[in-house]
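Undergrad: Mind looking over this structure? Questions follow.
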Amino acid sequence: MAHGFRGITWLSEWLWPIRTRWKRRVLFEDALKFIHEREETGQPATAEELASAIGIPPKSLPGFVGRLREIGYLEPEQEGDRYLRLTAEGRQEALRIVRLHRLWERYLAEQTGLAPEEWHAAAHRLEHTTTPETANSLAAQLGFPRFDPHGDPIPTETGEIARREGTPISESKPGDVVQVCHIEDEPLAAYQELLAHDLHLGTPLRVEKIRQDGVTVRHQGQTIRLSPEASANLWVKAAPETESKPWEQPRATLADLQVGEVGIVKGISPQCRGLQRRRLLDLGFVPGTRVVAELRSPSGDPTAYRVRNTLIALRRDQAQLIDIEPIHAGSSTTPLQPVQNRSP
C-alpha cells in the first residue's frame, strides 16, 4: 500500500510541471486574445484590466506581463504609457487564437444542438487544444466562413481579418431604421436578454428612444426597451430601403395555430440552428409548405400537425421556432375542416 502511495505521489510530482505549463499557456493565449479584442475596439487594455479579465493575481501581474514582453508578444514598456500593445508577432498569435475560437463557435452553432449561451465556453476550451491541421480541416468543413454566429469576422489562416461592421445601437438616432449585424455574447446576462427578445443577425429594427437607462426599439410590431448592458452588446448598421415596414410585422408561429387552422411555413427562426434546424427541415417544415394543426393532447402540449400527409407532434417551444403565414377563411387557400380533438 505504501509503495502504491509513493507511486501516486511520484506521478503527481511528475505531472505538476506539465499542468503548470499548460495553465500558463492558456493564460498567455487568453491574454493575447483579450488585448487584441481591446485593440479592435480602439480601447487599449491596461495591465490591471488584463489581470481582472483573465484572473491573474495582482502579485503575479508584473512577472506575467514581463514574460509576454520577453517572448516578444508585447511592445517594450514606454514611460508614461499605461497601455499594453501587441507586437506584430503578438498580434499574429492573437489572431490565431481568435480564428480558432470563432471557427469553433461557428461549428457549435451549425453542427450541434448546443444552446447559444454555451457556445462561448465550449469554444474557449477547444481553442487551446486545436492543431493547425485541425483548424484548416474545420474551416474547410464549414465552407471557409467569413463570420462567426455573432457577426464577428473570422481571421484567415494567414492572419487577415475584415473590419467589424456597424456601431452599438446606443449610437443610433431616434427614427433610424437598422438591422442587427453583431451580437456580443459577454456578459452572459446581456446576451440572454437579447436572445429573449428574439434578436438575431439581420433582424430589422426601428429606433424609438435613446436614453441613459437603455434603448427603446420597435420590433415585430412591439415596443421593447433594452437595458444599457444589452444595448452596448447590440451592433447595428443601416437597413436596406424597403417600402414595407418589417419591424412592424408581428411574428406568427406554428404554436399560434388552433386545432383545425392552417398556415403556410415562411421559414425557421434564426434562433434555431444546427441539428434542431436540420431535423425540422427534414420533417418537411420548409418555406411554402402547408401545415394544419390537427390534434392537441389533453394537457395542451404537444400538438400534432399534418405536414405533407404526415402527422408530426411538436412541443410548443419547437413550434414557436417555425414562422408561418396564417390562412384565414375566405383566402385563396382553403383550410381543412377541423377534426375531433383527440389525444395523439
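Identifiers for the C-alpha cells are assigned positionally: chains receive A, B, ... in sequence, residues are indexed from 1 per chain, and ligands are indexed from 1 in the order shown.
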Which residues, written as a PyMOL selection string, have at least one atom at most 7 Å from segment 252-269 of chain A, with only C-alpha atoms counted and residues fewer than 6 positions away on the same chain left out?

TA: chain A and resi 285-295+316+319-327+335-339

Undergrad: Skipping near chain neighbours, those fewer than 2 positions away, what residues fall within 12 Å of Ala51 of chain A using only C-alpha atoms, listed as number ranges by chain?

TA: A: 27-28, 30-31, 34-35, 45-49, 53-65, 84

Undergrad: Hey, what's within 10 Å of segment 224-237 of chain A if we count only C-alpha atoms and toss same-chain stuff fewer than 5 positions away? As a PyMOL selection string, please?

TA: chain A and resi 150-151+164-172+176-194+197+199-205+208-219

Undergrad: Go ahead and save the residues from that selection, with C-alpha atoms, as a PDB file, in the first residue's frame.

TA:
```
ATOM      1  CA  HIS A 150     -22.347  36.552 -33.552  1.00  0.00           C
ATOM      2  CA  GLY A 151     -21.287  38.503 -36.646  1.00  0.00           C
ATOM      3  CA  ARG A 164     -16.304  44.546 -37.822  1.00  0.00           C
ATOM      4  CA  GLU A 165     -19.369  46.201 -39.337  1.00  0.00           C
ATOM      5  CA  GLY A 166     -21.718  48.626 -37.627  1.00  0.00           C
ATOM      6  CA  THR A 167     -21.814  50.519 -34.340  1.00  0.00           C
ATOM      7  CA  PRO A 168     -23.544  49.947 -30.985  1.00  0.00           C
ATOM      8  CA  ILE A 169     -27.258  50.691 -31.250  1.00  0.00           C
ATOM      9  CA  SER A 170     -26.857  53.279 -28.482  1.00  0.00           C
ATOM     10  CA  GLU A 171     -25.030  55.451 -31.052  1.00  0.00           C
ATOM     11  CA  SER A 172     -28.081  55.476 -33.351  1.00  0.00           C
ATOM     12  CA  ASP A 176     -33.201  55.235 -37.612  1.00  0.00           C
ATOM     13  CA  VAL A 177     -34.126  52.001 -39.364  1.00  0.00           C
ATOM     14  CA  VAL A 178     -31.349  49.481 -38.749  1.00  0.00           C
ATOM     15  CA  GLN A 179     -30.588  45.785 -38.841  1.00  0.00           C
ATOM     16  CA  VAL A 180     -28.577  43.743 -36.364  1.00  0.00           C
ATOM     17  CA  CYS A 181     -25.054  42.929 -37.602  1.00  0.00           C
ATOM     18  CA  HIS A 182     -23.260  41.861 -34.399  1.00  0.00           C
ATOM     19  CA  ILE A 183     -24.299  40.491 -31.009  1.00  0.00           C
ATOM     20  CA  GLU A 184     -21.696  40.353 -28.254  1.00  0.00           C
ATOM     21  CA  ASP A 185     -22.046  37.251 -26.059  1.00  0.00           C
ATOM     22  CA  GLU A 186     -20.419  38.618 -22.899  1.00  0.00           C
ATOM     23  CA  PRO A 187     -21.563  39.320 -20.251  1.00  0.00           C
ATOM     24  CA  LEU A 188     -23.931  36.363 -20.373  1.00  0.00           C
ATOM     25  CA  ALA A 189     -26.894  38.175 -18.774  1.00  0.00           C
ATOM     26  CA  ALA A 190     -26.889  40.839 -21.506  1.00  0.00           C
ATOM     27  CA  TYR A 191     -26.643  38.167 -24.204  1.00  0.00           C
ATOM     28  CA  GLN A 192     -29.572  36.242 -22.721  1.00  0.00           C
ATOM     29  CA  GLU A 193     -31.641  39.431 -22.681  1.00  0.00           C
ATOM     30  CA  LEU A 194     -31.063  39.914 -26.417  1.00  0.00           C
ATOM     31  CA  HIS A 197     -36.248  39.428 -27.316  1.00  0.00           C
ATOM     32  CA  LEU A 199     -32.894  39.482 -31.704  1.00  0.00           C
ATOM     33  CA  HIS A 200     -30.564  37.861 -34.227  1.00  0.00           C
ATOM     34  CA  LEU A 201     -28.240  38.801 -37.068  1.00  0.00           C
ATOM     35  CA  GLY A 202     -30.230  40.546 -39.793  1.00  0.00           C
ATOM     36  CA  THR A 203     -33.184  41.450 -37.547  1.00  0.00           C
ATOM     37  CA  PRO A 204     -34.746  44.783 -38.702  1.00  0.00           C
ATOM     38  CA  LEU A 205     -35.453  47.379 -36.003  1.00  0.00           C
ATOM     39  CA  GLU A 208     -37.542  54.854 -30.914  1.00  0.00           C
ATOM     40  CA  LYS A 209     -35.638  56.360 -27.969  1.00  0.00           C
ATOM     41  CA  ILE A 210     -32.026  56.645 -26.814  1.00  0.00           C
ATOM     42  CA  ARG A 211     -31.731  57.245 -23.076  1.00  0.00           C
ATOM     43  CA  GLN A 212     -29.288  56.610 -20.254  1.00  0.00           C
ATOM     44  CA  ASP A 213     -31.492  53.798 -18.937  1.00  0.00           C
ATOM     45  CA  GLY A 214     -31.445  51.955 -22.273  1.00  0.00           C
ATOM     46  CA  VAL A 215     -32.599  51.988 -25.874  1.00  0.00           C
ATOM     47  CA  THR A 216     -36.218  51.557 -26.977  1.00  0.00           C
ATOM     48  CA  VAL A 217     -36.845  49.918 -30.350  1.00  0.00           C
ATOM     49  CA  ARG A 218     -39.762  48.725 -32.447  1.00  0.00           C
ATOM     50  CA  HIS A 219     -39.530  45.005 -33.200  1.00  0.00           C
TER      51      HIS A 219
END
```

Undergrad: As a VMD selection string, please: every residue in segment 118-282 of chain A that DSSP puts in alpha helix (DSSP H).

TA: chain A and resid 118 to 127 132 to 141 188 to 196 228 to 233 274 to 282

Undergrad: Take atom CA of Gln220 of chain A and atom CA of Ser299 of chain A and report the distance between them in Å, one decimal.

TA: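 Straight-line distance from atom CA of Gln220 of chain A to atom CA of Ser299 of chain A works out to 29.1 Å.
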
Undergrad: At a cut-off of 7 Å, using only C-alpha atoms, what residues contact Gly113 of chain A? Leave out same-chain residues fewer than 4 positions from it and give the result as a PyMOL selection string.

TA: chain A and resi 274-276

Undergrad: Please, what distance in Å, to one decimal, runs between atom CA of Thr156 of chain A and atom CA of Ile97 of chain A?

TA: 11.3 Å

Undergrad: Return the single residue from A:Arg96, A:Tyr107, A:Arg102, A:Asp148 that is closest to Glu160 of chain A, with distances computed using only C-alpha atoms.

TA: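 Of A:Arg96, A:Tyr107, A:Arg102, A:Asp148, the one nearest Glu160 of chain A is A:Arg96, counting only C-alpha atoms.
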
Undergrad: Between atom CA of Pro116 of chain A and atom CA of Trp104 of chain A, measure the distance and give it in Å to one decimal.

TA: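 Value for the atom CA of Pro116 of chain A-atom CA of Trp104 of chain A distance: 12.5 Å.
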
Undergrad: Which residue is closest to Pro44 of chain A? Choose from A:Leu280, A:Ile161, A:Arg69, A:Leu86 and count only C-alpha atoms.

TA: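 Looking at the shortest contact to Pro44 of chain A, the residue is A:Leu86.
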
Undergrad: With only C-alpha atoms as the basis for distance, which of A:His120, A:Gln43, A:His128, A:Pro302 is at the shortest distance from Lys23 of chain A?

TA: A:His128

Undergrad: So that I can see what lies close to Gly90 of chain A, please list as a PyMOL selection string the residues with an atom at most 9 Å from it, counting only C-alpha atoms and leaving out residues fewer than 5 positions away in the same chain.

TA: chain A and resi 32+36+68+71-75+85+95

Undergrad: List the neighbours of Ala123 of chain A out to 6 Å using only C-alpha atoms; skip same-chain residues closer than 3 positions along the sequence, and give me the result as a list in words.

TA: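 Close residues of Ala123 of chain A: His101, Trp104, Glu105, Trp119, His120, Leu126 and Glu127 of chain A.
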